[in-house]
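**Q** Shown below is the structure under consideration.
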Amino acid sequence: MIQIRKKAIAAPPAAITDDSTVAKAAGGPKAPVAMALQGTGRSGLPKGLKSAAPAARPLEATATEAAATRTANPNLANPKAANPKAANPKARAAAAQTRSAKALPAKPVPPPGPPGVAPAIGAKLAKLGLRTRFDLILHLPLRYEDETRITAMADLVDGAFAQVEGVIESAEITYRPRRTLLVRVRDASAVIHLRFLNFYGSQQKALAAGKRLRASGEARSGFFGAEMIHPRYREVAEGAPLPTALTPVYPATAGVGQGTLRRVIVDAIEAARRDGALGDTAPAAGGVDLMPFAEAIDALHFPAPGATDGRDPRAWQRVKFDELLAQQLSLKRAYRMRRREQAPAMNAGASASLASLEARLRQALPFRLTAAQERVSGEIGGDLARAHPMRRLLQGDVGSGKTIVAALAACRAIDCGFQAAFMAPTEILAEQHYRKLDFWLRPLGVNIAWLSGSLKKKQKDAGLAAAADGSAALTVGTHALFQDKVNFRRLGLAIVDEQHRFGVLQRLSLARKGAQGTGGTMQPHQLMMSATPIPRTLAMTFYADLDVSVIDELPPGRTPVATRLVAQSRRDEVVRRVRAACEAGRQVYWVCPLIEESETLELKTAVETHESLSVMLAGLTVGLVHGRLKPDDKAAAMTAFVAGEIQVLVATTVIEVGVDVANASLMVIEHAERFGLSQLHQLRGRVGRGAYESVCILLYQSPLSQNARERLKVMFETTDGFEIARHDLRLRGPGEFLGRQQSGVPLLRFADLEADTDLIEAARDCAQQMLDAGDARVEAHLERWLGSREAYLGV
Ligand code: ADP
Ligand code: MG
């Protein structure tokens with residue numbers, strides 16, 4: 001065949017129901033992942049291959065459109081419109097929790113659909129997350145098709161999108177290979193067939209011989225020569241004018257076809273233009289070349305012919321910049337608003353004295369704080385002394401010693417006459433914190449309450465009472481801490497460990513607890529901790545409303561953990577190594593494979609692994625801990641391990657976070673290829689906590705997927721949490737990286753965190769300037785970009 005120009009990949013367009021298959025393929029309450037990294041997020045459009053294998057093409061196109069459909073996931077647009085089928089029960093619980101919190105504003109009723117759109121269509125659009133006029137205007141095409149010209153049938157190229165025009169010679173139904181409406185169309189150069197597998201009887205009648213048709217779609221060489229399967233077509237008069245701009249193809253969903261989308265989007269753009277609402281809402285940003293917004297919108301929705309290969313880069317730049325600016329404005333504004341809220345000022349005065357709890361705890365510690373711990377402690381202390389609520393994120397790699405920093409902050413609160421709460425995401429971790437804090441603080445006269453979901457009623461009531469009457473200066477617990485019935489008399493500081501495990505809403509509800517205790521006027525300070533270091537661009541874009549402290553050094557005397565990759569076939573050798581370690585007086589973690597599809601299966605594997613290792617390691621004490629164990633048994637197993645009575649602890653990922661046993665020097669992770677990077681990093685962080693040389697063995701099963709291979713390689717090559725996080729972000733995309741529950745902050749649809757660093761910085765500076773100058777365009781910009789979504793931000 002003949003030479004072709006580069007083409008955008010075209011999914012076979014259908015005349016009747018164009019998008020339903022795509023929408024189904026995209027289906028499910030999948031996290032709004034990766035939009036910055038694929039599909040619409042890329043600066044260019046997917047490029048067609050010159051002559052890719054036909055079978056591969058539709059698939060590829062579908063995947064791309066699926067990604068784009070997720071972009072428009074209603075969950076993203078409105079995280080509170082919680083999908084009833086949402087995969088995460090915790091998120092659901094949190095949403096329910098928050099709804100019932102008295103102090104919260106009533107849940108806003110989502111507007112039916114964009115203005116000027118028929119209600120039936122509006123409701124469907126609303127499902128796509130398209131509720132306002134600007135939602136439509138900013139619903140940008142996924143790709144374009146060129147219907148501005150006609151290709152002679154003789155010049156069609158296999159696999160390329162084209163538009164042809166010709167006269168129908170015949171339309172008949174054939175039954176080989178299956179029932180098909182086959183329409184023969186001729187132009188001056190050749191004959192082709194249009195092939196419809198799903199069609200109405202009326203369609204056959206409409207496609208009567210002698211009619212003139214314009215059809216567009218992907219050409220391929222088929223059974224009867226050149227053909228188009230399910231082309232888009234319409235009847236035309238000879239010489240009917242051609243469109244002058246490319247035809248946009250939008251991310252779509254079931255029930256709203258491309259035609260409808262195009263129509264409502266054009267209407268929205270035109271209405272906005274008439275109202276003069278398309279003007280720029282941001283000042284010229286230093287150093288970035290930005291096309292005016294109105295021009296950018298035209299260039300992206302209706303590009304001139306010839307621009308098929310990609311979006312106009314300047315227009316695209318404008319959209320990305322504006323999106324980032326909206327996010328920065330929103331977060332920074334939330335940050336400023338907090339300065340107007342009241343929180344108890346906890347002056348260093350009380351705690352500076354030698355008699356203070358803070359001073360006595362320092363005195364009692366068997367170690368000295370590292371310089372980094374001292375520095376972040378100072379930063380936290382500075383915040384606590386102010387009469388505005390602190391929202392500080394304390395980042396520090398696994399093992400960097402965040403707990404003691406938090407404990408010192410709690411002491412400050414207690415010294416100043418307030419209560420502190422310490423929340424951890426898992427029972428094991430919360431319990432471990434409880435024990436450690438109890439060990440540190442009880443001798444100093446601090447009463448600590450313990451609250452977890454699985455406590456017996458009597459114990460729970462005791463904990464609740466102690467929190468409510470103020471007799472517990474410190475309350476430690478799991479999610480149980482932010483339930484409605486938990487009340488504090490004077491909550492001054494809430495500490496949230498492994499904060500990425502909690503949703504924004506859960507944190508919010510903890511903040512409300514303080515308001516209750518202080519007569520509704522004060523919020524508690526919040527200290528959030530994370531061992532998942534957040535790469536800089538991500539921190540800038542998603543945590544712009546938080547202050548961040550980083551512990552960037554490990555306590556002295558740690559020996560780095562050596563990592564070995566070992567094939568599953570050499571498991572026996574690994575078992576021998578476990579025995580050797582135990583005989584040398586050390587302890588070992590054996591982590592069972594993650595089985596995402598089935599918790600039952602995972603459990604079964606854990607039990608079986610425990611049994612088989614007990615046999616293979618006869619003479620050693622092998623313990624087992626997993627999520628389904630009764631809390632008492634779980635605690636007993638952990639206590640025995642801490643005490644050294646258990647030498648090998650077979651465990652599921654329940655030990656993933658926080659667990660701290662310095663004598664454990666060997667960790668074996670079975671089927672390491674199934675774990676995510678940050679999970680592996682967390683797990684590996686359970687060893688190397690003492691002075692012993694530690695080893696982490698990653699047992700893997702071949703063959704490895706490309707992605708798994710990369711993950712294992714990263715684990716092998718580095719122990720630096722920041723480096724690992726960077727790779728993790730690259731491999732998973734920001735949505736998954738931040739965790740589903742973080743989606744209270746809308747993810748970026750257009751900007752790309754890796755590629756757009758310059759834009760992110762420019763947007764950040766621009767937002768700062770606009771807010772400092774009280775720029776009147778701030779509101780307009782936020783309205784344009786976030787519309788009804790803004791209510792969900794800034795918690
Ligand atoms: P993470 O930051 O992962 O939460 P932890 O707070 O659990 O780390 O601390 C890890 C271990 O290091 C604990 O046993 C803790 O007591 C110990 N530790 C903390 N700070 C120091 C220090 N400055 N010197 C020595 N050991 C420390
Ligand atoms: Mg910790």
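Labels used: A, B, ... for chains in the order of the structure tokens, numbers from 1 for residues in each chain, and numbers from 1 for ligands as shown.
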Applying 10 Å and only C-alpha atoms, which residues near Asp280 in chain A remain after dropping the ones on its own chain fewer than 3 positions away? List them as a VMD selection string.
**A** chain A and resid 277 283 to 284 291 to 294 318 322 777 780 to 781
**Q** Pick out each residue of range 168-378 of chain A that DSSP on the backbone tags as alpha helix (DSSP H); I need them as a compact mmCIF listing (two decimals) with N, CA and C atoms, in the first residue's frame.
**A**
```
# COMPACT_ATOMS: atom_id res chain seq x y z
N GLY A 201 -32.76 -3.06 11.28
CA GLY A 201 -33.37 -3.24 9.96
C GLY A 201 -33.48 -1.90 9.25
N SER A 202 -33.81 -0.87 10.04
CA SER A 202 -34.01 0.44 9.43
C SER A 202 -32.71 0.95 8.80
N GLN A 203 -31.60 0.48 9.36
CA GLN A 203 -30.33 0.95 8.83
C GLN A 203 -30.14 0.43 7.39
N GLN A 204 -30.54 -0.79 7.19
CA GLN A 204 -30.38 -1.35 5.85
C GLN A 204 -31.20 -0.55 4.85
N LYS A 205 -32.42 -0.19 5.30
CA LYS A 205 -33.28 0.60 4.41
C LYS A 205 -32.67 1.96 4.12
N ALA A 206 -32.13 2.57 5.17
CA ALA A 206 -31.57 3.91 5.01
C ALA A 206 -30.38 3.90 4.06
N GLN A 258 -20.50 10.23 21.47
CA GLN A 258 -19.61 11.31 21.06
C GLN A 258 -20.39 12.49 20.50
N GLY A 259 -21.43 12.19 19.75
CA GLY A 259 -22.20 13.28 19.13
C GLY A 259 -22.77 14.20 20.19
N THR A 260 -23.39 13.59 21.21
CA THR A 260 -23.98 14.37 22.29
C THR A 260 -22.92 15.18 23.02
N LEU A 261 -21.82 14.49 23.34
CA LEU A 261 -20.75 15.19 24.05
C LEU A 261 -20.26 16.40 23.27
N ARG A 262 -20.05 16.18 21.96
CA ARG A 262 -19.57 17.30 21.13
C ARG A 262 -20.55 18.45 21.18
N ARG A 263 -21.80 18.12 21.08
CA ARG A 263 -22.82 19.18 21.03
C ARG A 263 -22.84 19.96 22.34
N VAL A 264 -22.91 19.27 23.48
CA VAL A 264 -23.02 20.02 24.74
C VAL A 264 -21.74 20.78 25.05
N ILE A 265 -20.62 20.25 24.61
CA ILE A 265 -19.37 20.95 24.88
C ILE A 265 -19.27 22.21 24.02
N VAL A 266 -19.62 22.08 22.75
CA VAL A 266 -19.62 23.28 21.90
C VAL A 266 -20.56 24.32 22.47
N ASP A 267 -21.76 23.89 22.89
CA ASP A 267 -22.72 24.83 23.48
C ASP A 267 -22.13 25.53 24.70
N ALA A 268 -21.48 24.75 25.54
CA ALA A 268 -20.93 25.33 26.77
C ALA A 268 -19.85 26.36 26.43
N ILE A 269 -19.01 26.03 25.48
CA ILE A 269 -17.94 26.96 25.11
C ILE A 269 -18.54 28.24 24.53
N GLU A 270 -19.52 28.06 23.65
CA GLU A 270 -20.12 29.25 23.03
C GLU A 270 -20.86 30.12 24.05
N ALA A 271 -21.57 29.47 24.95
CA ALA A 271 -22.29 30.24 25.98
C ALA A 271 -21.30 31.02 26.84
N ALA A 272 -20.20 30.36 27.20
CA ALA A 272 -19.20 31.05 28.03
C ALA A 272 -18.59 32.21 27.26
N ARG A 273 -18.36 31.98 25.99
CA ARG A 273 -17.77 33.06 25.19
C ARG A 273 -18.70 34.26 25.14
N ARG A 274 -20.00 33.98 24.91
CA ARG A 274 -20.99 35.08 24.88
C ARG A 274 -21.00 35.84 26.19
N PHE A 293 -6.24 31.77 27.71
CA PHE A 293 -7.10 30.63 28.00
C PHE A 293 -8.12 30.36 26.88
N ALA A 294 -8.77 31.45 26.44
CA ALA A 294 -9.82 31.28 25.42
C ALA A 294 -9.26 30.65 24.14
N GLU A 295 -8.08 31.10 23.76
CA GLU A 295 -7.45 30.53 22.56
C GLU A 295 -7.07 29.08 22.79
N ALA A 296 -6.58 28.81 24.00
CA ALA A 296 -6.16 27.44 24.31
C ALA A 296 -7.33 26.48 24.21
N ILE A 297 -8.48 26.94 24.69
CA ILE A 297 -9.66 26.09 24.66
C ILE A 297 -10.07 25.78 23.21
N ASP A 298 -10.03 26.80 22.36
CA ASP A 298 -10.35 26.56 20.96
C ASP A 298 -9.34 25.60 20.33
N ALA A 299 -8.08 25.87 20.62
CA ALA A 299 -7.03 25.07 19.99
C ALA A 299 -7.14 23.60 20.42
N LEU A 300 -7.63 23.36 21.63
CA LEU A 300 -7.70 21.98 22.10
C LEU A 300 -8.98 21.28 21.67
N HIS A 301 -10.07 22.03 21.62
CA HIS A 301 -11.32 21.38 21.21
C HIS A 301 -11.49 21.32 19.70
N PRO A 313 1.11 22.47 21.75
CA PRO A 313 1.85 22.46 23.01
C PRO A 313 1.61 23.69 23.89
N ARG A 314 1.41 24.83 23.25
CA ARG A 314 1.21 26.04 24.07
C ARG A 314 -0.17 26.02 24.73
N ALA A 315 -1.13 25.52 24.01
CA ALA A 315 -2.48 25.44 24.57
C ALA A 315 -2.48 24.45 25.74
N TRP A 316 -1.82 23.37 25.52
CA TRP A 316 -1.74 22.32 26.52
C TRP A 316 -1.04 22.81 27.78
N GLN A 317 0.02 23.59 27.54
CA GLN A 317 0.76 24.20 28.63
C GLN A 317 -0.14 25.09 29.49
N ARG A 318 -0.98 25.86 28.83
CA ARG A 318 -1.90 26.76 29.54
C ARG A 318 -2.84 25.95 30.44
N VAL A 319 -3.37 24.90 29.88
CA VAL A 319 -4.34 24.11 30.63
C VAL A 319 -3.66 23.46 31.85
N LYS A 320 -2.49 22.93 31.63
CA LYS A 320 -1.79 22.29 32.73
C LYS A 320 -1.42 23.30 33.81
N PHE A 321 -0.94 24.45 33.36
CA PHE A 321 -0.56 25.48 34.32
C PHE A 321 -1.78 25.90 35.15
N ASP A 322 -2.88 26.15 34.47
CA ASP A 322 -4.08 26.60 35.17
C ASP A 322 -4.57 25.55 36.16
N GLU A 323 -4.47 24.31 35.76
CA GLU A 323 -4.89 23.25 36.66
C GLU A 323 -4.02 23.22 37.93
N LEU A 324 -2.73 23.31 37.72
CA LEU A 324 -1.81 23.31 38.86
C LEU A 324 -2.04 24.54 39.74
N LEU A 325 -2.30 25.66 39.07
CA LEU A 325 -2.54 26.89 39.82
C LEU A 325 -3.78 26.75 40.70
N ALA A 326 -4.82 26.15 40.15
CA ALA A 326 -6.04 25.97 40.94
C ALA A 326 -5.75 25.12 42.17
N GLN A 327 -4.98 24.10 41.97
CA GLN A 327 -4.68 23.23 43.09
C GLN A 327 -3.86 23.96 44.16
N GLN A 328 -2.86 24.71 43.69
CA GLN A 328 -2.03 25.45 44.62
C GLN A 328 -2.85 26.50 45.37
N LEU A 329 -3.70 27.20 44.63
CA LEU A 329 -4.52 28.24 45.26
C LEU A 329 -5.39 27.63 46.35
N SER A 330 -5.99 26.52 45.99
CA SER A 330 -6.92 25.91 46.91
C SER A 330 -6.22 25.44 48.18
N LEU A 331 -5.09 24.78 48.02
CA LEU A 331 -4.38 24.28 49.19
C LEU A 331 -3.79 25.41 50.03
N LYS A 332 -3.23 26.37 49.33
CA LYS A 332 -2.61 27.47 50.07
C LYS A 332 -3.65 28.32 50.79
N ARG A 333 -4.81 28.40 50.17
CA ARG A 333 -5.87 29.17 50.83
C ARG A 333 -6.35 28.44 52.08
N ALA A 334 -6.46 27.13 51.96
CA ALA A 334 -6.84 26.35 53.14
C ALA A 334 -5.81 26.55 54.25
N TYR A 335 -4.56 26.59 53.85
CA TYR A 335 -3.48 26.80 54.82
C TYR A 335 -3.65 28.14 55.53
N ARG A 336 -3.95 29.17 54.74
CA ARG A 336 -4.12 30.49 55.34
C ARG A 336 -5.34 30.56 56.24
N MET A 337 -6.39 29.90 55.81
CA MET A 337 -7.62 29.97 56.60
C MET A 337 -7.38 29.37 57.98
N ARG A 338 -6.52 28.37 58.01
CA ARG A 338 -6.24 27.75 59.30
C ARG A 338 -5.62 28.73 60.28
N ALA A 348 6.52 26.84 75.47
CA ALA A 348 7.63 26.03 75.94
C ALA A 348 7.83 26.25 77.44
N GLY A 349 7.36 27.39 77.94
CA GLY A 349 7.57 27.76 79.34
C GLY A 349 7.44 26.59 80.29
N ALA A 350 6.26 26.00 80.29
CA ALA A 350 5.99 24.93 81.24
C ALA A 350 6.92 23.75 81.02
N SER A 351 7.19 23.45 79.77
CA SER A 351 7.95 22.24 79.52
C SER A 351 9.47 22.48 79.56
N ALA A 352 9.86 23.75 79.61
CA ALA A 352 11.29 24.01 79.66
C ALA A 352 11.86 23.65 81.03
N LEU A 357 7.44 17.13 82.17
CA LEU A 357 7.39 15.78 81.63
C LEU A 357 8.37 15.65 80.46
N GLU A 358 8.35 16.67 79.61
CA GLU A 358 9.20 16.63 78.44
C GLU A 358 10.67 16.47 78.85
N ALA A 359 11.08 17.25 79.84
CA ALA A 359 12.47 17.17 80.29
C ALA A 359 12.74 15.83 80.95
N ARG A 360 11.80 15.34 81.71
CA ARG A 360 12.04 14.08 82.41
C ARG A 360 12.07 12.90 81.44
N LEU A 361 11.27 12.98 80.39
CA LEU A 361 11.33 11.89 79.40
C LEU A 361 12.69 11.89 78.70
N ARG A 362 13.14 13.05 78.32
CA ARG A 362 14.46 13.14 77.68
C ARG A 362 15.53 12.52 78.58
N GLN A 363 15.42 12.88 79.83
CA GLN A 363 16.38 12.39 80.82
C GLN A 363 16.36 10.86 80.90
N ALA A 364 15.18 10.31 80.82
CA ALA A 364 15.03 8.87 81.05
C ALA A 364 15.43 8.03 79.83
N ALA A 371 20.62 14.79 65.70
CA ALA A 371 20.47 16.21 65.37
C ALA A 371 19.17 16.43 64.60
N ALA A 372 18.84 15.50 63.72
CA ALA A 372 17.62 15.65 62.92
C ALA A 372 16.38 15.59 63.80
N GLN A 373 16.41 14.68 64.77
CA GLN A 373 15.27 14.59 65.70
C GLN A 373 15.13 15.88 66.50
N GLU A 374 16.26 16.43 66.94
CA GLU A 374 16.22 17.70 67.68
C GLU A 374 15.63 18.81 66.82
N ARG A 375 16.07 18.84 65.57
CA ARG A 375 15.60 19.90 64.68
C ARG A 375 14.08 19.82 64.48
N VAL A 376 13.58 18.64 64.14
CA VAL A 376 12.15 18.55 63.88
C VAL A 376 11.34 18.76 65.15
N SER A 377 11.91 18.34 66.27
CA SER A 377 11.26 18.57 67.56
C SER A 377 11.08 20.07 67.79
N GLY A 378 12.13 20.81 67.42
CA GLY A 378 12.07 22.26 67.55
C GLY A 378 10.99 22.85 66.64
```
**Q** Taking into account only C-alpha atoms and all ligand atoms, which residue in the set A:Thr180, A:Thr403, A:Thr132, A:Ser353 is nearest to ligand 2?
**A**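 The closest residue to ligand 2 is A:Thr403.
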**Q** Grab the CA of Ser678 in chain A to CA of Val548 in chain A distance for me, in Å with one decimal place.
**A**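 Separation between CA of Ser678 in chain A and CA of Val548 in chain A: 19.8 Å.
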**Q** In Å to one decimal, how far is CA of Thr478 in chain A from CA of Gly453 in chain A?
**A**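 According to the coordinates, CA of Gly453 in chain A and CA of Thr478 in chain A are separated by 7.2 Å.
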**Q** Could the residues that lie within 10 Å of ligand 1, counting only C-alpha atoms and all ligand atoms, be listed as a VMD selection string?
**A** chain A and resid 365 to 374 394 to 407 429 432 to 433 436 497 to 498 529 to 532 551 553 to 558 657 to 662 682 685 to 686 688 to 690
**Q** If you measure from CA of Gln647 in chain A to CA of Leu698 in chain A, what distance in Å do you get, rounded to one decimal?
**A**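 Going from CA of Gln647 in chain A over to CA of Leu698 in chain A covers 19.4 Å.
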**Q** Counting only C-alpha atoms, which of A:Ala226, A:Ala643, A:Met540, A:Ala215 gets nearest to Glu761 in chain A?
**A**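 Comparing A:Ala226, A:Ala643, A:Met540, A:Ala215 against Glu761 in chain A, the winner is A:Met540.
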**Q** When you count only C-alpha atoms and all ligand atoms, which of these residues is closest to ligand 2: A:Phe422, A:Phe199, A:Trp590, A:Trp440?
**A**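 Checking each of A:Phe422, A:Phe199, A:Trp590, A:Trp440 against ligand 2, counting only C-alpha atoms and all ligand atoms, the winner is A:Phe422.
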